[in-house]
Structure formats: C-alpha cells, structure tokens
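Undergrad: One file: final.cif (mmCIF, C-alpha atoms).
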data_my_file
loop_
_atom_site.group_PDB
_atom_site.id
_atom_site.type_symbol
_atom_site.label_atom_id
_atom_site.label_comp_id
_atom_site.auth_asym_id
_atom_site.auth_seq_id
_atom_site.Cartn_x
_atom_site.Cartn_y
_atom_site.Cartn_z
ATOM 1 C CA MET A 301 -14.461 -24.130 9.658
ATOM 2 C CA ALA A 302 -12.486 -24.802 12.864
ATOM 3 C CA ASN A 303 -13.140 -22.546 15.843
ATOM 4 C CA ILE A 304 -9.983 -20.417 16.201
ATOM 5 C CA THR A 305 -9.670 -18.906 19.683
ATOM 6 C CA ALA A 306 -7.513 -16.040 20.904
ATOM 7 C CA ALA A 307 -5.603 -18.573 22.998
ATOM 8 C CA ASP A 308 -4.765 -20.567 19.850
ATOM 9 C CA VAL A 309 -3.499 -17.447 18.102
ATOM 10 C CA ASN A 310 -1.412 -16.446 21.113
ATOM 11 C CA LYS A 311 0.106 -19.931 21.374
ATOM 12 C CA LEU A 312 1.185 -19.778 17.727
ATOM 13 C CA ARG A 313 2.602 -16.286 18.240
ATOM 14 C CA GLN A 314 4.682 -17.501 21.164
ATOM 15 C CA ALA A 315 5.979 -20.438 19.130
ATOM 16 C CA THR A 316 6.878 -18.525 15.968
ATOM 17 C CA GLY A 317 7.115 -14.839 16.778
ATOM 18 C CA ALA A 318 4.785 -14.083 13.870
ATOM 19 C CA GLY A 319 2.224 -11.286 13.995
ATOM 20 C CA MET A 320 -1.271 -11.827 15.352
ATOM 21 C CA MET A 321 -3.060 -11.545 12.006
ATOM 22 C CA ASP A 322 -0.496 -13.825 10.303
ATOM 23 C CA CYS A 323 -1.017 -16.423 13.015
ATOM 24 C CA LYS A 324 -4.791 -16.188 12.806
ATOM 25 C CA GLY A 325 -4.684 -16.491 9.018
ATOM 26 C CA ALA A 326 -2.360 -19.517 9.198
ATOM 27 C CA LEU A 327 -4.619 -21.276 11.722
ATOM 28 C CA ILE A 328 -7.692 -20.620 9.576
ATOM 29 C CA GLU A 329 -5.899 -21.962 6.495
ATOM 30 C CA ALA A 330 -4.731 -25.004 8.498
ATOM 31 C CA GLU A 331 -8.262 -25.536 9.882
ATOM 32 C CA GLY A 332 -6.980 -25.329 13.428
ATOM 33 C CA ASP A 333 -4.068 -27.760 12.950
ATOM 34 C CA PHE A 334 -1.251 -26.177 14.972
ATOM 35 C CA ASP A 335 1.665 -27.980 13.275
ATOM 36 C CA LYS A 336 0.257 -27.294 9.829
ATOM 37 C CA ALA A 337 -0.126 -23.610 10.740
ATOM 38 C CA ILE A 338 3.567 -23.469 11.702
ATOM 39 C CA GLU A 339 4.471 -25.010 8.349
ATOM 40 C CA ILE A 340 2.320 -22.435 6.533
ATOM 41 C CA LEU A 341 4.158 -19.619 8.322
ATOM 42 C CA ARG A 342 7.517 -21.175 7.463
ATOM 43 C CA LYS A 343 6.595 -21.391 3.791
ATOM 44 C CA LYS A 344 5.587 -17.760 3.915
ATOM 45 C CA GLY A 345 9.024 -17.015 5.385
ATOM 46 C CA GLN A 346 10.685 -18.885 2.519
ATOM 47 C CA LYS A 347 8.780 -16.811 -0.018
ATOM 48 C CA VAL A 348 9.743 -13.557 1.701
ATOM 49 C CA ALA A 349 13.363 -14.733 2.007
ATOM 50 C CA ALA A 350 13.489 -15.514 -1.710
ATOM 51 C CA LYS A 351 12.145 -12.073 -2.577
ATOM 52 C CA ARG A 352 14.672 -10.320 -0.328
ATOM 53 C CA ALA A 353 17.711 -12.487 -1.111
ATOM 54 C CA ASP A 354 19.452 -9.690 -3.001
ATOM 55 C CA ARG A 355 18.844 -7.076 -0.289
ATOM 56 C CA ASP A 356 21.726 -5.579 1.703
ATOM 57 C CA SER A 357 21.721 -6.781 5.316
ATOM 58 C CA SER A 358 24.250 -4.311 6.709
ATOM 59 C CA GLU A 359 22.519 -3.647 10.048
ATOM 60 C CA GLY A 360 22.146 -6.085 12.910
ATOM 61 C CA ALA A 361 23.498 -7.136 16.291
ATOM 62 C CA VAL A 362 27.014 -8.377 17.063
ATOM 63 C CA VAL A 363 27.247 -10.547 20.174
ATOM 64 C CA ALA A 364 30.256 -12.133 21.887
ATOM 65 C CA LYS A 365 29.971 -15.000 24.367
ATOM 66 C CA VAL A 366 32.510 -16.818 26.543
ATOM 67 C CA ASN A 367 31.995 -20.260 28.085
ATOM 68 C CA GLY A 368 31.884 -20.943 31.816
ATOM 69 C CA ASP A 369 35.591 -21.574 32.386
ATOM 70 C CA ASN A 370 36.714 -18.788 30.034
ATOM 71 C CA THR A 371 38.574 -21.084 27.651
ATOM 72 C CA LYS A 372 36.379 -20.562 24.570
ATOM 73 C CA GLY A 373 34.811 -17.508 23.031
ATOM 74 C CA ALA A 374 32.586 -16.878 20.030
ATOM 75 C CA ILE A 375 31.256 -13.879 18.126
ATOM 76 C CA VAL A 376 28.177 -13.985 15.923
ATOM 77 C CA SER A 377 26.666 -11.132 13.963
ATOM 78 C CA LEU A 378 22.985 -11.510 13.172
ATOM 79 C CA ASN A 379 22.325 -9.220 10.234
ATOM 80 C CA CYS A 380 19.162 -7.479 9.058
ATOM 81 C CA GLU A 381 18.269 -4.579 6.772
ATOM 82 C CA THR A 382 17.362 -1.748 9.148
ATOM 83 C CA ASP A 383 18.535 -0.340 12.459
ATOM 84 C CA PHE A 384 14.920 -0.426 13.661
ATOM 85 C CA VAL A 385 14.885 -4.232 13.546
ATOM 86 C CA ALA A 386 18.448 -4.458 14.897
ATOM 87 C CA LYS A 387 17.334 -2.755 18.123
ATOM 88 C CA ASN A 388 14.314 -5.024 18.602
ATOM 89 C CA GLU A 389 14.589 -6.980 21.852
ATOM 90 C CA SER A 390 13.562 -10.309 20.330
ATOM 91 C CA PHE A 391 16.067 -9.853 17.494
ATOM 92 C CA VAL A 392 18.915 -9.161 19.955
ATOM 93 C CA ALA A 393 17.772 -12.118 22.088
ATOM 94 C CA LEU A 394 18.016 -14.389 19.035
ATOM 95 C CA ALA A 395 21.525 -13.077 18.330
ATOM 96 C CA LYS A 396 22.521 -13.884 21.921
ATOM 97 C CA ASP A 397 21.081 -17.394 21.588
ATOM 98 C CA LEU A 398 23.102 -17.973 18.420
ATOM 99 C CA ALA A 399 26.310 -16.704 20.033
ATOM 100 C CA GLU A 400 25.759 -19.113 22.921
ATOM 101 C CA MET A 401 25.222 -21.954 20.446
ATOM 102 C CA ALA A 402 28.350 -20.939 18.550
ATOM 103 C CA LEU A 403 30.457 -22.010 21.538
ATOM 104 C CA SER A 404 29.523 -25.624 20.767
ATOM 105 C CA VAL A 405 30.217 -25.623 17.016
ATOM 106 C CA ASN A 406 33.227 -24.848 14.843
ATOM 107 C CA SER A 407 31.881 -23.004 11.801
ATOM 108 C CA LYS A 408 29.019 -20.903 10.494
ATOM 109 C CA GLU A 409 27.835 -23.888 8.463
ATOM 110 C CA GLU A 410 27.614 -26.034 11.607
ATOM 111 C CA LEU A 411 25.748 -23.257 13.402
ATOM 112 C CA LEU A 412 23.177 -22.941 10.605
ATOM 113 C CA ALA A 413 22.603 -26.709 10.713
ATOM 114 C CA ALA A 414 22.315 -26.850 14.520
ATOM 115 C CA ASP A 415 19.001 -27.476 16.255
ATOM 116 C CA TYR A 416 17.120 -24.424 17.498
ATOM 117 C CA LYS A 417 13.993 -25.441 19.414
ATOM 118 C CA GLY A 418 13.068 -28.213 17.011
ATOM 119 C CA ILE A 419 14.164 -26.641 13.739
ATOM 120 C CA THR A 420 17.555 -25.755 12.307
ATOM 121 C CA VAL A 421 19.025 -22.295 12.791
ATOM 122 C CA ALA A 422 18.778 -21.780 9.030
ATOM 123 C CA GLU A 423 15.055 -22.577 9.163
ATOM 124 C CA LYS A 424 14.634 -20.246 12.132
ATOM 125 C CA LEU A 425 16.231 -17.389 10.203
ATOM 126 C CA THR A 426 13.941 -18.071 7.233
ATOM 127 C CA GLU A 427 10.970 -18.098 9.597
ATOM 128 C CA GLN A 428 12.042 -14.774 11.113
ATOM 129 C CA THR A 429 12.501 -13.278 7.661
ATOM 130 C CA GLY A 430 8.832 -14.009 7.056
ATOM 131 C CA VAL A 431 7.839 -12.631 10.455
ATOM 132 C CA ILE A 432 9.867 -9.429 10.275
ATOM 133 C CA GLY A 433 9.747 -8.860 6.530
ATOM 134 C CA GLU A 434 13.496 -8.225 6.267
ATOM 135 C CA LYS A 435 16.431 -10.336 5.156
ATOM 136 C CA ILE A 436 17.840 -12.035 8.264
ATOM 137 C CA GLU A 437 21.130 -13.914 8.113
ATOM 138 C CA VAL A 438 24.215 -14.835 10.099
ATOM 139 C CA GLY A 439 26.944 -12.506 8.895
ATOM 140 C CA ALA A 440 30.151 -13.166 10.803
ATOM 141 C CA PHE A 441 31.171 -16.211 12.829
ATOM 142 C CA GLU A 442 34.397 -16.164 14.851
ATOM 143 C CA LYS A 443 35.647 -18.489 17.564
ATOM 144 C CA ILE A 444 38.832 -18.705 19.629
ATOM 145 C CA GLU A 445 40.262 -20.936 22.351
ATOM 146 C CA ALA A 446 42.978 -20.043 24.867
ATOM 147 C CA PRO A 447 43.953 -20.618 28.520
ATOM 148 C CA PHE A 448 41.807 -17.540 29.253
ATOM 149 C CA VAL A 449 39.369 -15.827 26.903
ATOM 150 C CA GLY A 450 37.745 -12.453 27.482
ATOM 151 C CA ALA A 451 35.121 -10.539 25.510
ATOM 152 C CA TYR A 452 33.723 -7.066 25.055
ATOM 153 C CA ILE A 453 30.598 -5.845 23.260
ATOM 154 C CA HIS A 454 30.492 -2.168 22.415
ATOM 155 C CA HIS A 455 27.329 -0.271 23.336
ATOM 156 C CA GLY A 456 24.618 -0.813 20.741
ATOM 157 C CA ASN A 457 25.823 -4.281 19.680
ATOM 158 C CA LYS A 458 27.665 -2.916 16.636
ATOM 159 C CA ILE A 459 31.179 -4.089 17.530
ATOM 160 C CA ALA A 460 32.433 -7.046 19.564
ATOM 161 C CA ALA A 461 35.886 -8.406 20.330
ATOM 162 C CA LEU A 462 37.481 -11.521 21.799
ATOM 163 C CA VAL A 463 41.000 -11.859 23.166
ATOM 164 C CA GLY A 464 42.918 -14.946 24.246
ATOM 165 C CA LEU A 465 45.530 -14.796 27.022
ATOM 166 C CA SER A 466 48.385 -17.229 27.566
ATOM 167 C CA ALA A 467 47.473 -17.811 31.231
ATOM 168 C CA ASN A 468 44.644 -17.415 33.716
ATOM 169 C CA VAL A 469 46.364 -14.820 35.872
ATOM 170 C CA ALA A 470 44.860 -13.295 39.015
ATOM 171 C CA ASP A 471 43.300 -10.303 37.232
ATOM 172 C CA ALA A 472 42.642 -12.047 33.919
ATOM 173 C CA ASN A 473 39.061 -10.765 33.798
ATOM 174 C CA ASP A 474 40.133 -7.116 33.952
ATOM 175 C CA VAL A 475 43.131 -7.590 31.665
ATOM 176 C CA SER A 476 41.126 -9.381 28.986
ATOM 177 C CA LYS A 477 38.299 -6.838 29.161
ATOM 178 C CA ASN A 478 40.749 -3.940 28.823
ATOM 179 C CA LEU A 479 42.400 -5.572 25.829
ATOM 180 C CA ALA A 480 39.092 -6.489 24.195
ATOM 181 C CA MET A 481 37.986 -2.859 24.578
ATOM 182 C CA GLN A 482 41.251 -1.774 22.932
ATOM 183 C CA ILE A 483 40.624 -4.164 20.036
ATOM 184 C CA ALA A 484 37.043 -2.990 19.616
ATOM 185 C CA ALA A 485 37.955 0.704 19.751
ATOM 186 C CA MET A 486 41.172 0.766 17.736
ATOM 187 C CA GLY A 487 40.491 -1.925 15.123
ATOM 188 C CA ALA A 488 43.789 -3.801 15.108
ATOM 189 C CA GLU A 489 44.069 -6.354 12.315
ATOM 190 C CA THR A 490 47.106 -8.332 13.447
ATOM 191 C CA LEU A 491 49.115 -8.902 16.620
ATOM 192 C CA SER A 492 52.514 -7.398 15.737
ATOM 193 C CA TYR A 493 54.251 -5.439 13.002
ATOM 194 C CA LYS A 494 56.329 -8.589 12.501
ATOM 195 C CA ASP A 495 53.240 -10.155 10.900
ATOM 196 C CA PHE A 496 53.283 -7.708 7.960
ATOM 197 C CA SER A 497 54.755 -8.926 4.666
ATOM 198 C CA ALA A 498 57.440 -6.841 2.962
ATOM 199 C CA ASP A 499 55.153 -6.345 -0.043
ATOM 200 C CA TYR A 500 52.289 -5.079 2.146
ATOM 201 C CA ILE A 501 54.602 -2.643 3.953
ATOM 202 C CA ALA A 502 55.954 -1.344 0.644
ATOM 203 C CA LYS A 503 52.457 -0.697 -0.724
ATOM 204 C CA GLU A 504 51.318 0.979 2.497
ATOM 205 C CA THR A 505 54.417 3.176 2.539
ATOM 206 C CA GLU A 506 53.726 4.440 -0.971
ATOM 207 C CA ALA A 507 50.022 4.959 -0.300
ATOM 208 C CA ARG A 508 50.444 6.743 3.044
ATOM 209 C CA ILE A 509 53.146 9.080 1.767
ATOM 210 C CA ALA A 510 50.967 9.925 -1.251
ATOM 211 C CA VAL A 511 48.048 10.831 1.034
ATOM 212 C CA ILE A 512 50.176 13.194 3.146
ATOM 213 C CA GLU A 513 51.714 14.817 0.081
ATOM 214 C CA LYS A 514 48.219 15.414 -1.306
ATOM 215 C CA GLU A 515 47.108 16.930 2.000
ATOM 216 C CA ASN A 516 50.156 19.183 2.003
ATOM 217 C CA GLU A 517 49.187 20.544 -1.416
ATOM 218 C CA GLU A 518 45.936 21.744 0.127
ATOM 219 C CA LEU A 519 47.746 23.118 3.189
ATOM 220 C CA VAL A 520 50.043 25.118 0.910
ATOM 221 C CA ARG A 521 46.990 26.575 -0.805
ATOM 222 C CA LEU A 522 45.526 27.527 2.579
ATOM 223 C CA GLY A 523 48.820 28.913 3.871
ATOM 224 C CA LYS A 524 48.899 26.464 6.796
ATOM 225 C CA PRO A 525 51.849 24.512 8.263
ATOM 226 C CA LEU A 526 52.716 21.360 6.319
ATOM 227 C CA LYS A 527 52.557 17.846 7.728
ATOM 228 C CA ASN A 528 55.764 15.887 8.093
ATOM 229 C CA VAL A 529 56.206 13.392 5.249
ATOM 230 C CA PRO A 530 57.721 10.207 6.731
ATOM 231 C CA LYS A 531 60.105 7.927 4.861
ATOM 232 C CA TYR A 532 58.783 4.816 6.584
ATOM 233 C CA VAL A 533 55.560 3.446 8.091
ATOM 234 C CA SER A 534 56.669 0.380 10.086
ATOM 235 C CA TYR A 535 59.319 -0.560 12.607
ATOM 236 C CA ALA A 536 60.206 -3.381 10.233
ATOM 237 C CA GLN A 537 61.819 -0.718 8.027
ATOM 238 C CA LEU A 538 63.818 0.900 10.841
ATOM 239 C CA THR A 539 67.050 -1.031 10.511
ATOM 240 C CA ASP A 540 70.113 -0.322 12.657
ATOM 241 C CA GLU A 541 71.475 1.769 9.805
ATOM 242 C CA VAL A 542 68.265 3.814 9.565
ATOM 243 C CA LEU A 543 68.203 4.453 13.321
ATOM 244 C CA LYS A 544 71.918 5.362 13.350
ATOM 245 C CA GLN A 545 71.324 7.868 10.542
ATOM 246 C CA ALA A 546 68.347 9.305 12.446
ATOM 247 C CA GLU A 547 70.603 9.802 15.451
ATOM 248 C CA GLU A 548 73.245 11.536 13.328
ATOM 249 C CA ASP A 549 70.605 13.791 11.800
ATOM 250 C CA ALA A 550 69.326 14.663 15.295
ATOM 251 C CA LYS A 551 72.850 15.531 16.438
ATOM 252 C CA ALA A 552 73.351 17.745 13.395
ATOM 253 C CA GLU A 553 70.074 19.479 14.185
ATOM 254 C CA LEU A 554 71.115 20.085 17.796
ATOM 255 C CA LYS A 555 74.458 21.455 16.652
ATOM 256 C CA ALA A 556 72.769 23.793 14.188
ATOM 257 C CA GLU A 557 70.522 25.010 16.989
ATOM 258 C CA GLY A 558 73.567 25.773 19.110
ATOM 259 C CA LYS A 559 72.713 23.300 21.860
ATOM 260 C CA PRO A 560 75.721 22.488 24.118
ATOM 261 C CA GLU A 561 77.072 19.009 23.328
ATOM 262 C CA GLN A 562 77.093 18.032 27.006
ATOM 263 C CA ILE A 563 73.276 18.079 27.118
ATOM 264 C CA TRP A 564 72.692 16.127 23.891
ATOM 265 C CA ASP A 565 72.371 12.836 25.782
ATOM 266 C CA LYS A 566 69.296 14.237 27.540
ATOM 267 C CA ILE A 567 67.653 15.408 24.314
ATOM 268 C CA LEU A 568 68.521 12.650 21.841
ATOM 269 C CA PRO A 569 66.307 9.862 23.316
ATOM 270 C CA GLY A 570 63.218 12.029 22.915
ATOM 271 C CA LYS A 571 64.122 12.971 19.355
ATOM 272 C CA LEU A 572 64.731 9.342 18.396
ATOM 273 C CA GLN A 573 61.463 8.290 19.992
ATOM 274 C CA ARG A 574 59.678 10.981 18.003
ATOM 275 C CA PHE A 575 61.359 9.734 14.826
ATOM 276 C CA ILE A 576 60.174 6.185 15.541
ATOM 277 C CA SER A 577 56.650 7.365 16.310
ATOM 278 C CA ASP A 578 56.470 9.443 13.111
ATOM 279 C CA ASN A 579 57.672 6.509 11.008
ATOM 280 C CA THR A 580 55.529 3.668 12.373
ATOM 281 C CA SER A 581 51.997 4.802 11.528
ATOM 282 C CA LEU A 582 51.077 1.418 10.019
ATOM 283 C CA ASP A 583 52.075 -0.435 13.194
ATOM 284 C CA GLN A 584 50.177 1.984 15.409
ATOM 285 C CA GLU A 585 46.981 1.554 13.396
ATOM 286 C CA LYS A 586 46.987 -2.119 12.478
ATOM 287 C CA ALA A 587 49.201 -4.045 14.962
ATOM 288 C CA LEU A 588 47.668 -4.542 18.413
ATOM 289 C CA LEU A 589 50.884 -4.820 20.444
ATOM 290 C CA ASP A 590 52.306 -1.712 18.774
ATOM 291 C CA GLN A 591 49.303 0.508 19.437
ATOM 292 C CA VAL A 592 49.177 3.131 22.156
ATOM 293 C CA TYR A 593 47.242 1.665 25.091
ATOM 294 C CA ILE A 594 44.038 3.721 25.269
ATOM 295 C CA SER A 595 43.736 3.525 29.069
ATOM 296 C CA ASP A 596 47.289 4.817 29.597
ATOM 297 C CA GLU A 597 48.749 6.702 26.645
ATOM 298 C CA THR A 598 52.250 6.585 28.154
ATOM 299 C CA LYS A 599 52.367 2.860 27.302
ATOM 300 C CA LYS A 600 52.099 0.620 24.304
ATOM 301 C CA VAL A 601 49.766 -2.359 24.503
ATOM 302 C CA SER A 602 52.831 -4.612 24.548
ATOM 303 C CA GLN A 603 54.074 -2.874 27.698
ATOM 304 C CA TYR A 604 50.699 -3.193 29.397
ATOM 305 C CA VAL A 605 50.513 -6.913 28.588
ATOM 306 C CA ALA A 606 54.066 -7.524 29.782
ATOM 307 C CA SER A 607 53.316 -5.750 33.069
ATOM 308 C CA LYS A 608 50.545 -8.295 33.689
ATOM 309 C CA GLY A 609 52.791 -11.309 33.095
ATOM 310 C CA VAL A 610 50.796 -12.697 30.157
ATOM 311 C CA GLU A 611 50.870 -12.786 26.380
ATOM 312 C CA ILE A 612 48.083 -12.339 23.833
ATOM 313 C CA THR A 613 47.677 -15.607 21.948
ATOM 314 C CA THR A 614 44.942 -14.530 19.524
ATOM 315 C CA PHE A 615 42.093 -12.080 19.051
ATOM 316 C CA LYS A 616 39.053 -11.472 16.852
ATOM 317 C CA ARG A 617 36.993 -8.393 16.094
ATOM 318 C CA VAL A 618 33.654 -8.121 14.290
ATOM 319 C CA SER A 619 32.066 -4.820 13.297
ATOM 320 C CA LEU A 620 28.926 -4.040 11.310
#
Would you mind writing the file's structure down as structure tokens?

TA:
Amino acid sequence: MANITAADVNKLRQATGAGMMDCKGALIEAEGDFDKAIEILRKKGQKVAAKRADRDSSEGAVVAKVNGDNTKGAIVSLNCETDFVAKNESFVALAKDLAEMALSVNSKEELLAADYKGITVAEKLTEQTGVIGEKIEVGAFEKIEAPFVGAYIHHGNKIAALVGLSANVADANDVSKNLAMQIAAMGAETLSYKDFSADYIAKETEARIAVIEKENEELVRLGKPLKNVPKYVSYAQLTDEVLKQAEEDAKAELKAEGKPEQIWDKILPGKLQRFISDNTSLDQEKALLDQVYISDETKKVSQYVASKGVEITTFKRVSL
C-alpha cells in the first residue's frame, strides 16, 4: 500500500475542497495516484448528485458582478439546500467566481460548459455536491449590457439587481446604485405601466378589487373603517374622460362640503393626485418608473431618473 502523508491529503483537500477523511480514503483507494484520487472524489460527487437530484435547492447565494468599464453586468444564483451551506465562505466564493465568469458568456448553458480550473463548471458543481452532501446548482443567470451598468447585492446574498443607464453621466455610480437598490427592495417586474397588456390589467383589476372587498367584509365584522375600493389599478385605465369625471366628482364633493368656489383651484390638484394614487396600485408595485422613489418619497423613480439626465434602458432582479 502506498504511503499516504498528511501533506498528500492536504494537497487533495486544497484541490477539491473535500473533507480530510474523504481525501485520505480516495488516496488510499487510488494507491497514492493524485489524479486518480480526484476522479474517485468526482465519481462520489456524481453518486451523491444523483441521489439528491429531486431535492429542493431553494437556499443559496445571489451575486451580481459588473465588468471593468461598467458596460456589462451579470447575476448568478448558486443554489443549495440549506442556509447553513449558503453562508459558508467557500460556497459564497464559488458563487462570486461564477458571476465573474458569467460576464464572458451569454447563457447558463455556456456557463455550465465553461472551464473552471481544469474542469467544467457543471463538473465542479457535481464535485461540490459530493463534498458538501447537498444539491448544488446554478439557479438563475441574468446578463445585461448598456452604456453604464450598475449593481447591488442585498445583505446576505439573497437578492441582487442590475440596472442599465443610457449614458455614463458624472454620478452614474451613485445613480445606478440607488436604482439597483430600489429594484432589489421594491421588486419591480417591468419598466413602465405602458408595458402591461390590456388583458393583464383587466385581470389584475378584478383580482385586486376582490381582495379589498374581502378585507372590507372582515373590517365590517370588526367595526373598523373600510378601505377604499378603487375602480382602476393602472394609469393606462385613466383616460381623459375618467380624469375629467374624477375632477367633476371632486368639485361636487367640495360644493357639498360648503367650500368657497374661489379656493377650489388650490384644493383640486391634491384631490386629483390622490385619485390617481388610489387607482394605480399595479403601476406602483410592478412598474419601476411609476414607483415611489424610496430615497425621496416626494418623487417617483421616473422623476429621479429625469433629474439625473439619463434613462433606464433595462434591469434585472434575482431573489431566492
């Protein structure tokens, strides 16, 4: 039997990340042949991966990377089964490596086939499955390109966002970071309410009104004030006719309250703005430009972007 030293075991550990006893056992089985020992560990990883293929890998680390001139950005989520593994330094380091590699490829399939220190990424993930004993896989892969790309990773590596700007303005770093934080925190799904289809808006209107009506039934039972039931959920529904009627209704309300007509012009803008806000819940939740800007709630994101002299060209968000 070959003489297996502690130095041999440590060398194999450094190369594969496998545990000490696994490395020692592989070297003994390989009779000291280093390459054969690596292959033995990989086969063990394949067996573990096969056994855990149907497991749920809902934990992990989400990492965003931007290239040197801020024209490309990528997000990769490296998924595992438990939060304990997700917080492991070597696991997070691997996720960061993959995000860096993602800048040079165009799809998850290309990333999995790319070389990672002499083996493919797919083989590396199989190897790590054997080492860690959990299902390890690339979950999400997103990539964008723009004149300026910024990124943000939320604390704990659970959410990451990328945003593309139309120009590399003087404070592009701050602007893109602020917007990426907005995307990560508020979960926008599209850029503008104009992106919503009429069918989607109709379904959301019905669903959102039904939810409020159901909540009001409970509020009636509890003797509490009822929530306002809107007629609409998107600015796309607020035609000139709808807004004109809202203005007429506001005037009638002011008249009923006995407010002097000469001060209506001071009150009406606020009432109309409240009407718009109450009837655009879908936009405020799902459309980035129509959301309230979290760093200054007196503005919409669209107003913040316009004040910086840029436009948002695209964005991506990945969350575990």

Undergrad: Under the rule that only C-alpha atoms are counted, which of A:Gly332, A:Gly464, A:Gly450, A:Gly456 is the nearest residue to A:Lys365?

TA: A:Gly450

Undergrad: Pick from A:Val605, A:Ile501, A:Ala461, A:Leu312: nearest to A:Val475, with only C-alpha atoms counted?

TA: A:Val605

Undergrad: Out of A:Asn579, A:Asn478, A:Asn367, A:Gln591, which residue has the shortest atom-to-atom distance to A:Asn528 when counting only C-alpha atoms?

TA: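 Of A:Asn579, A:Asn478, A:Asn367, A:Gln591, the one nearest A:Asn528 is A:Asn579, counting only C-alpha atoms.
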
Undergrad: Could you work out how far atom CA of A:Val362 lies from atom CA of A:Leu378, giving the answer in Å with one decimal?

TA: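 For atom CA of A:Leu378 relative to atom CA of A:Val362, the distance reads 6.4 Å.
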
Undergrad: Care to translate the PyMOL selection byres ((chain A and resi 536) around 7) into actual residues of this file, as a VMD selection string?

TA: chain A and resid 493 to 494 534 to 535 537 to 538

Undergrad: Grab the atom CA of A:Leu620 to atom CA of A:Lys458 distance for me, in Å with one decimal place.

TA: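 Atom-to-atom, atom CA of A:Leu620 and atom CA of A:Lys458 are spaced 5.6 Å apart.
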
Undergrad: Box along x, y and z, 5 Å on every side, all listed atoms of stretch 607-614 of chain A inside: centre and edge lengths in Å to one decimal, as JSON.

TA:
{"center_x": 49.1, "center_y": -10.7, "center_z": 26.6, "size_x": 18.4, "size_y": 19.9, "size_z": 24.2}

Undergrad: Tell me, counting only C-alpha atoms, for each residue of stretch 450-528 of chain A within 7 Å of stretch 610-617 of chain A, which pair of atoms is nearest and how far apart they are in Å to one decimal, in rows ordered by chain and increasing number, as JSON lines.

TA:
{"residue": "A:Ala460", "atom": "CA", "partner": "A:Arg617", "partner_atom": "CA", "distance": 5.9}
{"residue": "A:Ala461", "atom": "CA", "partner": "A:Arg617", "partner_atom": "CA", "distance": 4.4}
{"residue": "A:Leu462", "atom": "CA", "partner": "A:Lys616", "partner_atom": "CA", "distance": 5.2}
{"residue": "A:Val463", "atom": "CA", "partner": "A:Phe615", "partner_atom": "CA", "distance": 4.3}
{"residue": "A:Gly464", "atom": "CA", "partner": "A:Thr614", "partner_atom": "CA", "distance": 5.2}
{"residue": "A:Leu465", "atom": "CA", "partner": "A:Ile612", "partner_atom": "CA", "distance": 4.8}
{"residue": "A:Ser466", "atom": "CA", "partner": "A:Glu611", "partner_atom": "CA", "distance": 5.2}
{"residue": "A:Ala467", "atom": "CA", "partner": "A:Val610", "partner_atom": "CA", "distance": 6.2}
{"residue": "A:Ile483", "atom": "CA", "partner": "A:Arg617", "partner_atom": "CA", "distance": 6.8}
{"residue": "A:Ala484", "atom": "CA", "partner": "A:Arg617", "partner_atom": "CA", "distance": 6.4}

Undergrad: Tell me, in Å to one decimal, how far atom CA of A:Ala507 is from atom CA of A:Leu572.

TA: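 Calculated distance between atom CA of A:Ala507 and atom CA of A:Leu572 is 24.2 Å.
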
Undergrad: Counting all atoms listed in the file, which residues come within 12 Å of (51.3, -2.9, 27.7), with the point read in the file's coordinates, and could you list them as an NGL selection string?

TA: :A and (475 or 478-479 or 482 or 588-612)

Undergrad: To test your reading of the syntax: which residues would the PyMOL selection byres ((chain A and resi 416) around 12) return for the file shown? Reply as a PDB file with C-alpha atoms, in the coordinates of the input.

TA:
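Contents of expr_12.pdb, freshly written:
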ATOM      1  CA  ALA A 315       5.979 -20.438  19.130  1.00  0.00           C
ATOM      2  CA  THR A 316       6.878 -18.525  15.968  1.00  0.00           C
ATOM      3  CA  LEU A 394      18.016 -14.389  19.035  1.00  0.00           C
ATOM      4  CA  ASP A 397      21.081 -17.394  21.588  1.00  0.00           C
ATOM      5  CA  LEU A 398      23.102 -17.973  18.420  1.00  0.00           C
ATOM      6  CA  GLU A 400      25.759 -19.113  22.921  1.00  0.00           C
ATOM      7  CA  MET A 401      25.222 -21.954  20.446  1.00  0.00           C
ATOM      8  CA  ALA A 402      28.350 -20.939  18.550  1.00  0.00           C
ATOM      9  CA  LEU A 411      25.748 -23.257  13.402  1.00  0.00           C
ATOM     10  CA  LEU A 412      23.177 -22.941  10.605  1.00  0.00           C
ATOM     11  CA  ALA A 413      22.603 -26.709  10.713  1.00  0.00           C
ATOM     12  CA  ALA A 414      22.315 -26.850  14.520  1.00  0.00           C
ATOM     13  CA  ASP A 415      19.001 -27.476  16.255  1.00  0.00           C
ATOM     14  CA  LYS A 417      13.993 -25.441  19.414  1.00  0.00           C
ATOM     15  CA  GLY A 418      13.068 -28.213  17.011  1.00  0.00           C
ATOM     16  CA  ILE A 419      14.164 -26.641  13.739  1.00  0.00           C
ATOM     17  CA  THR A 420      17.555 -25.755  12.307  1.00  0.00           C
ATOM     18  CA  VAL A 421      19.025 -22.295  12.791  1.00  0.00           C
ATOM     19  CA  ALA A 422      18.778 -21.780   9.030  1.00  0.00           C
ATOM     20  CA  GLU A 423      15.055 -22.577   9.163  1.00  0.00           C
ATOM     21  CA  LYS A 424      14.634 -20.246  12.132  1.00  0.00           C
ATOM     22  CA  LEU A 425      16.231 -17.389  10.203  1.00  0.00           C
ATOM     23  CA  GLU A 427      10.970 -18.098   9.597  1.00  0.00           C
TER      24      GLU A 427
END

Undergrad: Give the answer as one residue: which of A:Ile432, A:Ala393, A:Met486, A:Ile328 has the shortest atom-to-atom distance to A:Gln584, using only C-alpha atoms?

TA: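 The answer is A:Met486, which sits nearest to A:Gln584.
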
Undergrad: Residues at most 6 Å from A:Cys323, counting all atoms listed in the file, excluding those fewer than 3 positions away in the same chain, as an mmCIF file with C-alpha atoms, keeping the file's coordinate frame?

TA:
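Heads up, here's the output in selection.cif:
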data_model
loop_
_atom_site.group_PDB
_atom_site.id
_atom_site.type_symbol
_atom_site.label_atom_id
_atom_site.label_comp_id
_atom_site.auth_asym_id
_atom_site.auth_seq_id
_atom_site.Cartn_x
_atom_site.Cartn_y
_atom_site.Cartn_z
ATOM 1 C CA VAL A 309 -3.499 -17.447 18.102
ATOM 2 C CA MET A 320 -1.271 -11.827 15.352
ATOM 3 C CA ALA A 326 -2.360 -19.517 9.198
#

Undergrad: Using only C-alpha atoms, which residue out of A:Asp565, A:Asp335, A:Asp474, A:Asp578 lies closest to A:Lys531?

TA: A:Asp578

Undergrad: Please determine, counting all atoms listed in the file, which residue among A:Thr371, A:Thr305, A:Asn468, A:Asn457 has the shortest atom-to-atom distance to A:Glu389.

TA: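 For A:Glu389, the nearest of the candidates is A:Asn457.
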